[in-house]
Amino acid sequence: MNNSIEIIGIDYGWSQMKTSNYCFNTSIKELPNVPAFTDNVLQYDNRHFAVGDERLEVLDSKVENENFYLLTLVAMAKEMKSRGIKEADIALAVGLPLTRFSAERKPFIEYLSKNEFVAFTFENDLYRAHIMNVSVFPQCYAAIAGMLPWNLDQNDTKGWVREKGEFMLGLCEQCIGDSLNSRKKSIIDRCVRKMYIDIARSREKYIPVMSDFYDILMAQPEEEAKDIALSLELFVNGSLNIFNHQTNVDVDNRFTVYGIRDLGTELSPITMLANSEFVALLKQANTDSSKMAEVIGVSDAQLRFVTNNQSGMGLLKCGNVVIPFDNQIRKDTSLYKLYNTNLHEKISEMKEKEKQKIHSIIVTLMVKSYQMSKDV
């Protein structure tokens with residue numbers, strides 16, 4: 001229909017359907033007659049359906065009937081309307097609960113792919129869609145669907161492949177434990193570009209992992225490529241291959257915290273690098289700050305904002321940009337009390353409040369005792 005593909009991410013729950021911009025009840029009911037009003041009304045296959053009332057009965061599978069196919073059309077219509085389009089080539093990024101993901105993945109792809117071209121009306125607007133691809137992931141992919149592989153293009157107009165190449169250069173350097181020469185950098189960049197451009201050209205999209213990059217490295221003619229692959233082998237096929245898998249982390253939370261304390265000396269720097277697109281670096285001891293600088297690329301001059309410094313000072317790093325900040329707040333302000341996370345000060349405050357409470361009780365008892373003695 002056009003040169004670009006619209007990626008629409010949809011999470012399918014028995015309670016609610018969720019897209020990047022909308023959330024509505026998992027409810028659809030066929031109407032016996034043509035309705036007088038079209039709000040939340042889907043028209044498909046010469047039938048009319050009301051959306052958003054009573055939730056559907058929970059069944060063993062979501063593909064037992066047409067309900068979730070119809071709800072998919074509703075989700076598509078809502079997203080297409082928000083983007084100002086009524087006709088599009090569409091790739092569906094489908095999110096299923098992790099507990100049902102393995103069992104329902106293939107049936108769900110077949111279920112949603114049964115009509116390559118589909119036309120329907122929602123709230124009196126006609127929509128036409130060409131379903132180019134359907135892929136199923138663990139739930140919560142709707143929120144990040146725009147970053148999935150379907151947004152890649154062969155010319156890398158958005159620079160995403162270039163960013164991946166820069167990341168892999170840093171990762172390989174960390175794994176090798178030494179600086180990369182120009183030949184190795186060229187080989188790594190070539191392999192990264194091939195991996196992502198092949199995905200962009202392919203109809204069957206997927207999110208690559210380390211082993212995909214490793215296989216391309218092994219296919220290169222240069223001996224340096226074999227050296228790089230050998231340096232990565234421990235993290236791809238060896239005992240530290242924990243990150244060579246698709247993620248099963250639920251990122252649909254306000255905060256997602258990754259604990260790296262027990263990963264060991266080999267994996268910790270790589271994990272920090274993998275999660276260092278945005279870093280808030282606060283007060284550190286001298287030894288810790290030097291290790292941080294080595295991993296995430298912070299200069300000695302910038303380190304003075306975090307090395308044994310005052311609370312409220314630090315560094316913000318996003319991509320290649322590093323911004324020092326001094327956001328100290330006076331302790332005698334309400335704002336400090338609101339934001340304070342110093343455990344020792346919190347305990348001291350609690351003890352002081354408890355002390356004042358006990359003192360108040362004692363004073364009250366003394367006053368009552370005095371009054372009673374006067375009455376007598």
# chains A, B, ... in the order shown; residues from 1 in each chain; ligands from 1
>>> residues_around(residues="Ile228 in chain A", least_positions_apart="3", cutoff="10 Å", atoms="only C-alpha atoms", output="list in words")
Cys172, Glu173, Cys175, Ile176, Leu180, Lys184, Ile187, Ile188, Tyr214, Leu217, Met218, Glu223, Glu224, Ala225, Ser231, Leu232 and Glu233 of chain A
>>> write_last_selection(atoms="N, CA, C and O atoms", output="PDB file, in the first residue's frame")
ATOM      1  N   CYS A 172      32.643  -5.704  22.296  1.00  0.00           N
ATOM      2  CA  CYS A 172      33.745  -6.583  21.885  1.00  0.00           C
ATOM      3  C   CYS A 172      35.049  -6.156  22.543  1.00  0.00           C
ATOM      4  O   CYS A 172      35.858  -6.999  22.953  1.00  0.00           O
ATOM      5  N   GLU A 173      35.257  -4.852  22.659  1.00  0.00           N
ATOM      6  CA  GLU A 173      36.470  -4.358  23.317  1.00  0.00           C
ATOM      7  C   GLU A 173      36.495  -4.797  24.772  1.00  0.00           C
ATOM      8  O   GLU A 173      37.548  -5.172  25.301  1.00  0.00           O
ATOM      9  N   CYS A 175      34.994  -7.493  26.013  1.00  0.00           N
ATOM     10  CA  CYS A 175      35.194  -8.947  26.052  1.00  0.00           C
ATOM     11  C   CYS A 175      36.643  -9.317  25.738  1.00  0.00           C
ATOM     12  O   CYS A 175      37.201 -10.226  26.354  1.00  0.00           O
ATOM     13  N   ILE A 176      37.241  -8.606  24.790  1.00  0.00           N
ATOM     14  CA  ILE A 176      38.622  -8.892  24.401  1.00  0.00           C
ATOM     15  C   ILE A 176      39.586  -8.429  25.488  1.00  0.00           C
ATOM     16  O   ILE A 176      40.634  -9.026  25.719  1.00  0.00           O
ATOM     17  N   LEU A 180      40.743  -2.180  20.307  1.00  0.00           N
ATOM     18  CA  LEU A 180      40.582  -2.778  18.969  1.00  0.00           C
ATOM     19  C   LEU A 180      41.378  -1.977  17.949  1.00  0.00           C
ATOM     20  O   LEU A 180      41.345  -0.745  17.960  1.00  0.00           O
ATOM     21  N   LYS A 184      39.993  -4.794  13.096  1.00  0.00           N
ATOM     22  CA  LYS A 184      38.955  -5.462  13.886  1.00  0.00           C
ATOM     23  C   LYS A 184      37.691  -4.611  13.970  1.00  0.00           C
ATOM     24  O   LYS A 184      36.575  -5.135  13.920  1.00  0.00           O
ATOM     25  N   ILE A 187      35.797  -5.087  10.756  1.00  0.00           N
ATOM     26  CA  ILE A 187      35.159  -6.403  10.683  1.00  0.00           C
ATOM     27  C   ILE A 187      33.886  -6.416  11.536  1.00  0.00           C
ATOM     28  O   ILE A 187      32.829  -6.912  11.104  1.00  0.00           O
ATOM     29  N   ILE A 188      33.976  -5.887  12.751  1.00  0.00           N
ATOM     30  CA  ILE A 188      32.812  -5.847  13.640  1.00  0.00           C
ATOM     31  C   ILE A 188      31.691  -5.026  13.014  1.00  0.00           C
ATOM     32  O   ILE A 188      30.528  -5.439  13.005  1.00  0.00           O
ATOM     33  N   TYR A 214      27.940 -13.924  16.365  1.00  0.00           N
ATOM     34  CA  TYR A 214      29.063 -14.866  16.413  1.00  0.00           C
ATOM     35  C   TYR A 214      29.141 -15.688  15.131  1.00  0.00           C
ATOM     36  O   TYR A 214      30.232 -15.878  14.559  1.00  0.00           O
ATOM     37  N   LEU A 217      30.497 -13.611  12.315  1.00  0.00           N
ATOM     38  CA  LEU A 217      31.941 -13.453  12.496  1.00  0.00           C
ATOM     39  C   LEU A 217      32.705 -14.674  11.987  1.00  0.00           C
ATOM     40  O   LEU A 217      33.722 -14.555  11.288  1.00  0.00           O
ATOM     41  N   MET A 218      32.230 -15.858  12.338  1.00  0.00           N
ATOM     42  CA  MET A 218      32.910 -17.094  11.955  1.00  0.00           C
ATOM     43  C   MET A 218      32.908 -17.309  10.441  1.00  0.00           C
ATOM     44  O   MET A 218      33.759 -18.032   9.913  1.00  0.00           O
ATOM     45  N   GLU A 223      41.458 -13.693   9.539  1.00  0.00           N
ATOM     46  CA  GLU A 223      41.831 -14.376  10.767  1.00  0.00           C
ATOM     47  C   GLU A 223      41.421 -13.560  12.000  1.00  0.00           C
ATOM     48  O   GLU A 223      41.113 -14.105  13.055  1.00  0.00           O
ATOM     49  N   GLU A 224      41.442 -12.201  11.847  1.00  0.00           N
ATOM     50  CA  GLU A 224      41.047 -11.358  12.968  1.00  0.00           C
ATOM     51  C   GLU A 224      39.601 -11.624  13.386  1.00  0.00           C
ATOM     52  O   GLU A 224      39.260 -11.509  14.568  1.00  0.00           O
ATOM     53  N   ALA A 225      38.745 -11.975  12.421  1.00  0.00           N
ATOM     54  CA  ALA A 225      37.348 -12.278  12.738  1.00  0.00           C
ATOM     55  C   ALA A 225      37.255 -13.505  13.633  1.00  0.00           C
ATOM     56  O   ALA A 225      36.451 -13.549  14.581  1.00  0.00           O
ATOM     57  N   SER A 231      37.143 -14.617  21.372  1.00  0.00           N
ATOM     58  CA  SER A 231      37.002 -13.800  22.580  1.00  0.00           C
ATOM     59  C   SER A 231      35.565 -13.771  23.078  1.00  0.00           C
ATOM     60  O   SER A 231      35.313 -13.624  24.276  1.00  0.00           O
ATOM     61  N   LEU A 232      34.621 -13.922  22.163  1.00  0.00           N
ATOM     62  CA  LEU A 232      33.200 -13.893  22.523  1.00  0.00           C
ATOM     63  C   LEU A 232      32.660 -15.269  22.904  1.00  0.00           C
ATOM     64  O   LEU A 232      31.552 -15.368  23.438  1.00  0.00           O
ATOM     65  N   GLU A 233      33.410 -16.325  22.618  1.00  0.00           N
ATOM     66  CA  GLU A 233      32.894 -17.691  22.766  1.00  0.00           C
ATOM     67  C   GLU A 233      32.429 -17.995  24.182  1.00  0.00           C
ATOM     68  O   GLU A 233      31.411 -18.666  24.399  1.00  0.00           O
TER      69      GLU A 233
END
>>> residues_around(residues="range 67-74 of chain A", least_positions_apart="3", cutoff="7 Å", atoms="only C-alpha atoms", output="MDAnalysis selection string")
chainID A and resid 28 42 62 77:78 112 122
>>> closest_residue(among="A:Ser186, A:Ser369, A:Asn115, A:Asn309", to="Met168 in chain A", atoms="only C-alpha atoms")
A:Ser186
>>> atom_distance(atom1="CA of Ser15 in chain A", atom2="CA of Ser27 in chain A")
8.5 Å
>>> select_by_dssp(residues="range 92-221 of chain A", states="helix (DSSP H, G or I)", output="count of residues only")
70
>>> atom_distance(atom1="CA of Leu316 in chain A", atom2="CA of Gln328 in chain A")
15.1 Å
>>> atom_distance(atom1="CA of Met132 in chain A", atom2="CA of Asp89 in chain A")
6.2 Å
>>> closest_residue(among="A:Ile10, A:Cys23, A:Ala200, A:Ala219", to="Val136 in chain A", atoms="only C-alpha atoms")
A:Ile10
>>> residues_around(residues="Ala129 in chain A", least_positions_apart="4", cutoff="7 Å", atoms="only C-alpha atoms", output="PyMOL selection string")
chain A and resi 87-90+117-119
